[in-house]
$ cat entry.pdb   # PDB, C-alpha atoms, pLDDT in the B column
ATOM      1  CA  MET A  39     -64.983  -4.332 -65.471  1.00 48.00           C
ATOM      2  CA  GLU A  40     -62.618  -2.976 -68.074  1.00 73.00           C
ATOM      3  CA  LYS A  41     -63.487   0.608 -67.037  1.00 75.00           C
ATOM      4  CA  LYS A  42     -63.912  -0.301 -63.363  1.00 74.00           C
ATOM      5  CA  LEU A  43     -67.575   0.689 -63.479  1.00 72.00           C
ATOM      6  CA  PRO A  44     -69.719  -0.877 -60.787  1.00 71.00           C
ATOM      7  CA  MET A  45     -72.489  -3.188 -61.921  1.00 73.00           C
ATOM      8  CA  PHE A  46     -75.835  -3.176 -60.175  1.00 75.00           C
ATOM      9  CA  VAL A  47     -78.462  -5.824 -60.916  1.00 75.00           C
ATOM     10  CA  PRO A  48     -81.505  -4.866 -58.838  1.00 77.00           C
ATOM     11  CA  GLY A  49     -84.612  -6.953 -59.124  1.00 78.00           C
ATOM     12  CA  TRP A  50     -82.720 -10.111 -60.068  1.00 78.00           C
ATOM     13  CA  GLU A  51     -84.696 -11.946 -57.382  1.00 79.00           C
ATOM     14  CA  ASP A  52     -87.963 -11.153 -59.191  1.00 76.00           C
ATOM     15  CA  ALA A  53     -87.162 -13.257 -62.219  1.00 75.00           C
ATOM     16  CA  THR A  54     -86.281 -16.774 -63.322  1.00 83.00           C
ATOM     17  CA  LEU A  55     -82.745 -16.264 -62.017  1.00 84.00           C
ATOM     18  CA  GLY A  56     -84.138 -15.613 -58.529  1.00 86.00           C
ATOM     19  CA  ASN A  57     -86.197 -18.789 -58.700  1.00 90.00           C
ATOM     20  CA  MET A  58     -83.205 -20.813 -59.832  1.00 92.00           C
ATOM     21  CA  TYR A  59     -80.979 -19.280 -57.157  1.00 91.00           C
ATOM     22  CA  ALA A  60     -83.537 -20.025 -54.407  1.00 92.00           C
ATOM     23  CA  GLY A  61     -83.745 -23.597 -55.661  1.00 94.00           C
ATOM     24  CA  HIS A  62     -79.971 -24.006 -55.424  1.00 95.00           C
ATOM     25  CA  VAL A  63     -79.942 -22.549 -51.909  1.00 94.00           C
ATOM     26  CA  ILE A  64     -82.711 -24.951 -50.877  1.00 95.00           C
ATOM     27  CA  SER A  65     -80.914 -27.938 -52.433  1.00 97.00           C
ATOM     28  CA  GLY A  66     -77.654 -26.952 -50.750  1.00 96.00           C
ATOM     29  CA  ASP A  67     -75.712 -26.277 -53.967  1.00 95.00           C
ATOM     30  CA  VAL A  68     -75.322 -22.662 -52.818  1.00 93.00           C
ATOM     31  CA  LYS A  69     -74.208 -22.628 -49.183  1.00 93.00           C
ATOM     32  CA  LYS A  70     -74.902 -18.982 -48.296  1.00 91.00           C
ATOM     33  CA  VAL A  71     -77.993 -17.133 -49.465  1.00 90.00           C
ATOM     34  CA  HIS A  72     -76.158 -13.780 -49.327  1.00 87.00           C
ATOM     35  CA  THR A  73     -73.575 -14.547 -52.004  1.00 84.00           C
ATOM     36  CA  VAL A  74     -75.433 -12.003 -54.174  1.00 82.00           C
ATOM     37  CA  ARG A  75     -76.421  -8.568 -52.906  1.00 83.00           C
ATOM     38  CA  THR A  76     -80.034  -7.645 -52.273  1.00 83.00           C
ATOM     39  CA  GLY A  77     -81.781  -4.610 -53.740  1.00 83.00           C
ATOM     40  CA  ILE A  78     -81.506  -2.802 -50.400  1.00 87.00           C
ATOM     41  CA  GLU A  79     -77.736  -3.346 -50.375  1.00 89.00           C
ATOM     42  CA  TYR A  80     -77.525  -2.054 -53.948  1.00 87.00           C
ATOM     43  CA  MET A  81     -79.472   1.104 -53.042  1.00 89.00           C
ATOM     44  CA  MET A  82     -77.228   1.728 -50.034  1.00 92.00           C
ATOM     45  CA  GLU A  83     -74.111   1.377 -52.203  1.00 89.00           C
ATOM     46  CA  LEU A  84     -75.606   3.645 -54.875  1.00 87.00           C
ATOM     47  CA  ALA A  85     -76.413   6.262 -52.220  1.00 90.00           C
ATOM     48  CA  SER A  86     -72.889   6.137 -50.811  1.00 90.00           C
ATOM     49  CA  GLY A  87     -71.243   6.431 -54.225  1.00 85.00           C
ATOM     50  CA  THR A  88     -73.623   9.162 -55.398  1.00 85.00           C
ATOM     51  CA  ARG A  89     -72.974  11.273 -52.302  1.00 86.00           C
ATOM     52  CA  ARG A  90     -69.205  10.768 -52.646  1.00 84.00           C
ATOM     53  CA  ARG A  91     -69.160  11.738 -56.342  1.00 80.00           C
ATOM     54  CA  ALA A  92     -71.555  14.664 -55.783  1.00 79.00           C
ATOM     55  CA  ARG A  93     -68.845  16.480 -53.848  1.00 79.00           C
ATOM     56  CA  LYS A  94     -67.009  16.904 -57.168  1.00 78.00           C
ATOM     57  CA  ALA A  95     -69.772  17.273 -59.790  1.00 74.00           C
ATOM     58  CA  PRO A  96     -73.184  15.901 -60.772  1.00 72.00           C
ATOM     59  CA  SER A  97     -73.094  12.332 -62.063  1.00 75.00           C
ATOM     60  CA  ALA A  98     -74.193  11.139 -65.488  1.00 73.00           C
ATOM     61  CA  PHE A  99     -76.776   8.382 -65.744  1.00 73.00           C
ATOM     62  CA  SER A 100     -76.826   5.810 -68.531  1.00 72.00           C
ATOM     63  CA  ARG A 101     -79.743   3.399 -68.393  1.00 69.00           C
ATOM     64  CA  SER A 102     -79.900   0.132 -70.319  1.00 66.00           C
ATOM     65  CA  ALA A 103     -83.231  -1.669 -70.414  1.00 62.00           C
ATOM     66  CA  GLY A 104     -86.379  -0.920 -68.538  1.00 63.00           C
ATOM     67  CA  GLY A 105     -88.405  -2.047 -65.594  1.00 67.00           C
ATOM     68  CA  ILE A 106     -86.870  -2.268 -62.158  1.00 72.00           C
ATOM     69  CA  ALA A 107     -83.359  -2.951 -63.443  1.00 66.00           C
ATOM     70  CA  GLY A 108     -83.427   0.183 -65.565  1.00 68.00           C
ATOM     71  CA  ASP A 109     -85.221   2.548 -63.239  1.00 74.00           C
ATOM     72  CA  PHE A 110     -83.917   1.413 -59.843  1.00 78.00           C
ATOM     73  CA  PRO A 111     -80.566   3.249 -59.775  1.00 81.00           C
ATOM     74  CA  ILE A 112     -81.951   6.594 -60.945  1.00 82.00           C
ATOM     75  CA  CYS A 113     -84.161   6.587 -57.818  1.00 86.00           C
ATOM     76  CA  VAL A 114     -81.159   7.096 -55.520  1.00 88.00           C
ATOM     77  CA  VAL A 115     -81.197  10.909 -55.881  1.00 89.00           C
ATOM     78  CA  PRO A 116     -84.911  11.307 -55.017  1.00 89.00           C
ATOM     79  CA  MET A 117     -84.370   8.893 -52.101  1.00 91.00           C
ATOM     80  CA  LEU A 118     -81.512  11.047 -50.790  1.00 92.00           C
ATOM     81  CA  HIS A 119     -83.575  14.231 -51.241  1.00 93.00           C
ATOM     82  CA  GLN A 120     -86.981  13.060 -50.038  1.00 93.00           C
ATOM     83  CA  ASP A 121     -86.294  10.319 -47.509  1.00 94.00           C
ATOM     84  CA  LEU A 122     -83.024  11.561 -46.005  1.00 93.00           C
ATOM     85  CA  GLN A 123     -83.335  15.331 -46.642  1.00 94.00           C
ATOM     86  CA  ARG A 124     -79.854  15.352 -48.241  1.00 91.00           C
ATOM     87  CA  THR A 125     -80.775  18.068 -50.720  1.00 89.00           C
ATOM     88  CA  SER A 126     -77.153  19.101 -51.339  1.00 88.00           C
ATOM     89  CA  VAL A 127     -76.798  16.090 -53.659  1.00 88.00           C
ATOM     90  CA  PRO A 128     -77.367  17.425 -57.201  1.00 88.00           C
ATOM     91  CA  LEU A 129     -79.820  15.899 -59.630  1.00 87.00           C
ATOM     92  CA  TRP A 130     -78.335  13.691 -62.339  1.00 85.00           C
ATOM     93  CA  GLY A 131     -76.260  15.873 -64.697  1.00 84.00           C
ATOM     94  CA  TYR A 132     -76.867  13.813 -67.868  1.00 85.00           C
ATOM     95  CA  PHE A 133     -79.312  11.076 -68.825  1.00 84.00           C
ATOM     96  CA  CYS A 134     -79.227   8.499 -71.617  1.00 82.00           C
ATOM     97  CA  GLN A 135     -81.780   5.702 -71.887  1.00 79.00           C
ATOM     98  CA  ILE A 136     -81.269   2.607 -74.056  1.00 75.00           C
ATOM     99  CA  SER A 137     -84.447   0.593 -74.252  1.00 70.00           C
ATOM    100  CA  ASP A 138     -86.391  -1.738 -76.482  1.00 67.00           C
ATOM    101  CA  SER A 139     -89.609  -0.538 -74.862  1.00 63.00           C
ATOM    102  CA  THR A 140     -91.890   1.773 -76.799  1.00 65.00           C
ATOM    103  CA  THR A 141     -91.675   5.266 -75.359  1.00 65.00           C
ATOM    104  CA  SER A 142     -94.957   6.197 -73.690  1.00 61.00           C
ATOM    105  CA  TYR A 143     -96.304   8.367 -70.914  1.00 61.00           C
ATOM    106  CA  GLY A 144     -97.032   6.583 -67.648  1.00 57.00           C
ATOM    107  CA  SER A 145     -95.074   3.481 -68.642  1.00 57.00           C
ATOM    108  CA  TYR A 146     -92.558   2.213 -66.124  1.00 55.00           C
ATOM    109  CA  SER A 147     -90.135   0.866 -68.729  1.00 56.00           C
ATOM    110  CA  GLY A 148     -90.794   3.338 -71.511  1.00 59.00           C
ATOM    111  CA  ALA A 149     -91.421   6.576 -69.629  1.00 69.00           C
ATOM    112  CA  VAL A 150     -90.002   9.543 -71.487  1.00 75.00           C
ATOM    113  CA  PRO A 151     -87.158  11.328 -69.690  1.00 77.00           C
ATOM    114  CA  ASN A 152     -89.252  14.472 -69.127  1.00 79.00           C
ATOM    115  CA  GLU A 153     -91.545  12.444 -66.839  1.00 80.00           C
ATOM    116  CA  LYS A 154     -88.536  11.934 -64.598  1.00 80.00           C
ATOM    117  CA  ILE A 155     -88.455  15.696 -63.924  1.00 84.00           C
ATOM    118  CA  THR A 156     -91.735  15.552 -62.002  1.00 82.00           C
ATOM    119  CA  TRP A 157     -90.447  12.569 -60.036  1.00 82.00           C
ATOM    120  CA  GLY A 158     -87.380  14.493 -58.853  1.00 86.00           C
ATOM    121  CA  LYS A 159     -84.940  12.336 -60.815  1.00 85.00           C
ATOM    122  CA  LEU A 160     -83.849  14.844 -63.477  1.00 87.00           C
ATOM    123  CA  GLY A 161     -83.804  18.621 -63.768  1.00 89.00           C
ATOM    124  CA  VAL A 162     -85.469  20.686 -66.481  1.00 91.00           C
ATOM    125  CA  ASP A 163     -82.070  21.517 -67.988  1.00 91.00           C
ATOM    126  CA  THR A 164     -80.557  18.019 -67.672  1.00 89.00           C
ATOM    127  CA  PRO A 165     -79.362  16.824 -71.118  1.00 89.00           C
ATOM    128  CA  LYS A 166     -81.605  13.855 -71.973  1.00 86.00           C
ATOM    129  CA  TYR A 167     -81.163  11.294 -74.755  1.00 82.00           C
ATOM    130  CA  ILE A 168     -82.998   8.157 -75.873  1.00 79.00           C
ATOM    131  CA  ILE A 169     -81.715   5.225 -77.909  1.00 76.00           C
ATOM    132  CA  GLU A 170     -84.556   2.947 -78.982  1.00 72.00           C
ATOM    133  CA  SER A 171     -83.078  -0.380 -79.995  1.00 67.00           C
ATOM    134  CA  ASP A 172     -84.107  -4.010 -80.017  1.00 60.00           C
ATOM    135  CA  CYS A 173     -80.559  -5.030 -79.269  1.00 56.00           C
ATOM    136  CA  LEU A 174     -78.871  -3.912 -76.088  1.00 51.00           C
ATOM    137  CA  HIS A 175     -75.190  -4.426 -76.531  1.00 49.00           C
ATOM    138  CA  ARG A 176     -71.893  -2.642 -76.032  1.00 51.00           C
ATOM    139  CA  ARG A 177     -72.191  -0.512 -79.181  1.00 52.00           C
ATOM    140  CA  ALA A 178     -75.541   0.890 -78.053  1.00 51.00           C
ATOM    141  CA  ALA A 179     -74.052   1.690 -74.652  1.00 52.00           C
ATOM    142  CA  ASP A 180     -71.131   3.431 -76.357  1.00 55.00           C
ATOM    143  CA  LEU A 181     -73.629   5.683 -78.121  1.00 53.00           C
ATOM    144  CA  CYS A 182     -74.663   7.106 -74.758  1.00 51.00           C
ATOM    145  CA  LEU A 183     -71.215   8.605 -74.535  1.00 52.00           C
ATOM    146  CA  SER A 184     -71.666  10.252 -77.949  1.00 50.00           C
ATOM    147  CA  PRO A 185     -74.716  12.547 -77.692  1.00 46.00           C
ATOM    148  CA  GLU A 186     -74.256  13.756 -81.271  1.00 45.00           C
ATOM    149  CA  VAL A 187     -75.242  10.257 -82.447  1.00 43.00           C
ATOM    150  CA  VAL A 188     -78.509   9.985 -80.557  1.00 46.00           C
ATOM    151  CA  ARG A 189     -81.594  12.152 -80.758  1.00 46.00           C
ATOM    152  CA  PRO A 190     -82.344  14.488 -77.869  1.00 48.00           C
ATOM    153  CA  ALA A 191     -85.337  13.423 -75.840  1.00 50.00           C
ATOM    154  CA  ALA A 192     -88.482  15.453 -76.371  1.00 50.00           C
TER     155      ALA A 192
END

$ encode --input "entry.pdb" --output "structure tokens"
Amino acid sequence: MEKKLPMFVPGWEDATLGNMYAGHVISGDVKKVHTVRTGIEYMMELASGTRRRARKAPSAFSRSAGGIAGDFPICVVPMLHQDLQRTSVPLWGYFCQISDSTTSYGSYSGAVPNEKITWGKLGVDTPKYIIESDCLHRRAADLCLSPEVVRPAA
């Protein structure tokens, strides 16, 4: 938390870690099942923070990896617009995706950023960048902050 950025890990329950955690709750090694937040709690926190920051300016979105962990947080803006009718919250102002998934149309993990326009996640004029890498580490994340290093998304 060197930069005091919040970390969200949605979907952790739907993986080996979730199985291991459930096992430790069942065995009694972990005393309280709610020592880790649920996906619903993460979405509520994302919504609160997004609405708070939106009063100042649109937020940037940097996505590492794919699947639910990668796509979950970007869904907060459409949720605010469509489910809560809070249309004053702006769309994401910047998007960078770091993924080892092959970019493809209709893919959950590898969907191209322009597909996110039709889903209400990004605007037509939102700057969009993709870093395709088989190694997701700090240097790749740093590249998201340097758009001149990455190629613009098609």

$ atom_distance --input "entry.pdb" --atom1 "CA of Gly158 (chain A)" --atom2 "CA of Lys42 (chain A)"
28.1 Å

$ closest_residue --input "entry.pdb" --among "A:Val115, A:Leu84, A:Val162, A:Val150" --to "Ile136 (chain A)" --atoms "only C-alpha atoms"
A:Val150

$ closest_residue --input "entry.pdb" --among "A:Ile169, A:Val127, A:Val114, A:Ile155" --to "Met81 (chain A)" --atoms "only C-alpha atoms"
A:Val114

$ closest_residue --input "entry.pdb" --among "A:Lys94, A:Lys159, A:Lys41, A:His72" --to "Pro111 (chain A)" --atoms "only C-alpha atoms"
A:Lys159

$ atom_distance --input "entry.pdb" --atom1 "CA of Cys113 (chain A)" --atom2 "CA of Leu160 (chain A)"
10.0 Å

$ residues_near_point --input "entry.pdb" --point "(-81.5, 8.0, -46.6)" --cutoff "12 Å" --atoms "all atoms listed in the file" --output "ChimeraX atom specification"
/A:78,81-86,88-89,113-125,127

$ resolve_selection --input "entry.pdb" --expression "the PyMOL selection byres ((chain A and resi 60) around 12)" --output "list in words"
Trp50, Glu51, Asp52, Ala53, Thr54, Leu55, Gly56, Asn57, Met58, Tyr59, Gly61, His62, Val63, Ile64, Ser65, Gly66, Asp67, Val68, Lys69, Lys70, Val71, His72, Thr73 and Val74 of chain A

$ atom_distance --input "entry.pdb" --atom1 "CA of Arg91 (chain A)" --atom2 "CA of Pro48 (chain A)"
20.8 Å

$ closest_residue --input "entry.pdb" --among "A:Ile106, A:Ala98, A:Ala92, A:Val47" --to "Thr164 (chain A)" --atoms "all atoms listed in the file"
A:Ala98

$ axis_aligned_box --input "entry.pdb" --around "region 41-48 of chain A" --padding-each-side "6 Å" --output "JSON"
{"center_x": -72.5, "center_y": -2.6, "center_z": -62.9, "size_x": 30.0, "size_y": 18.5, "size_z": 20.2}
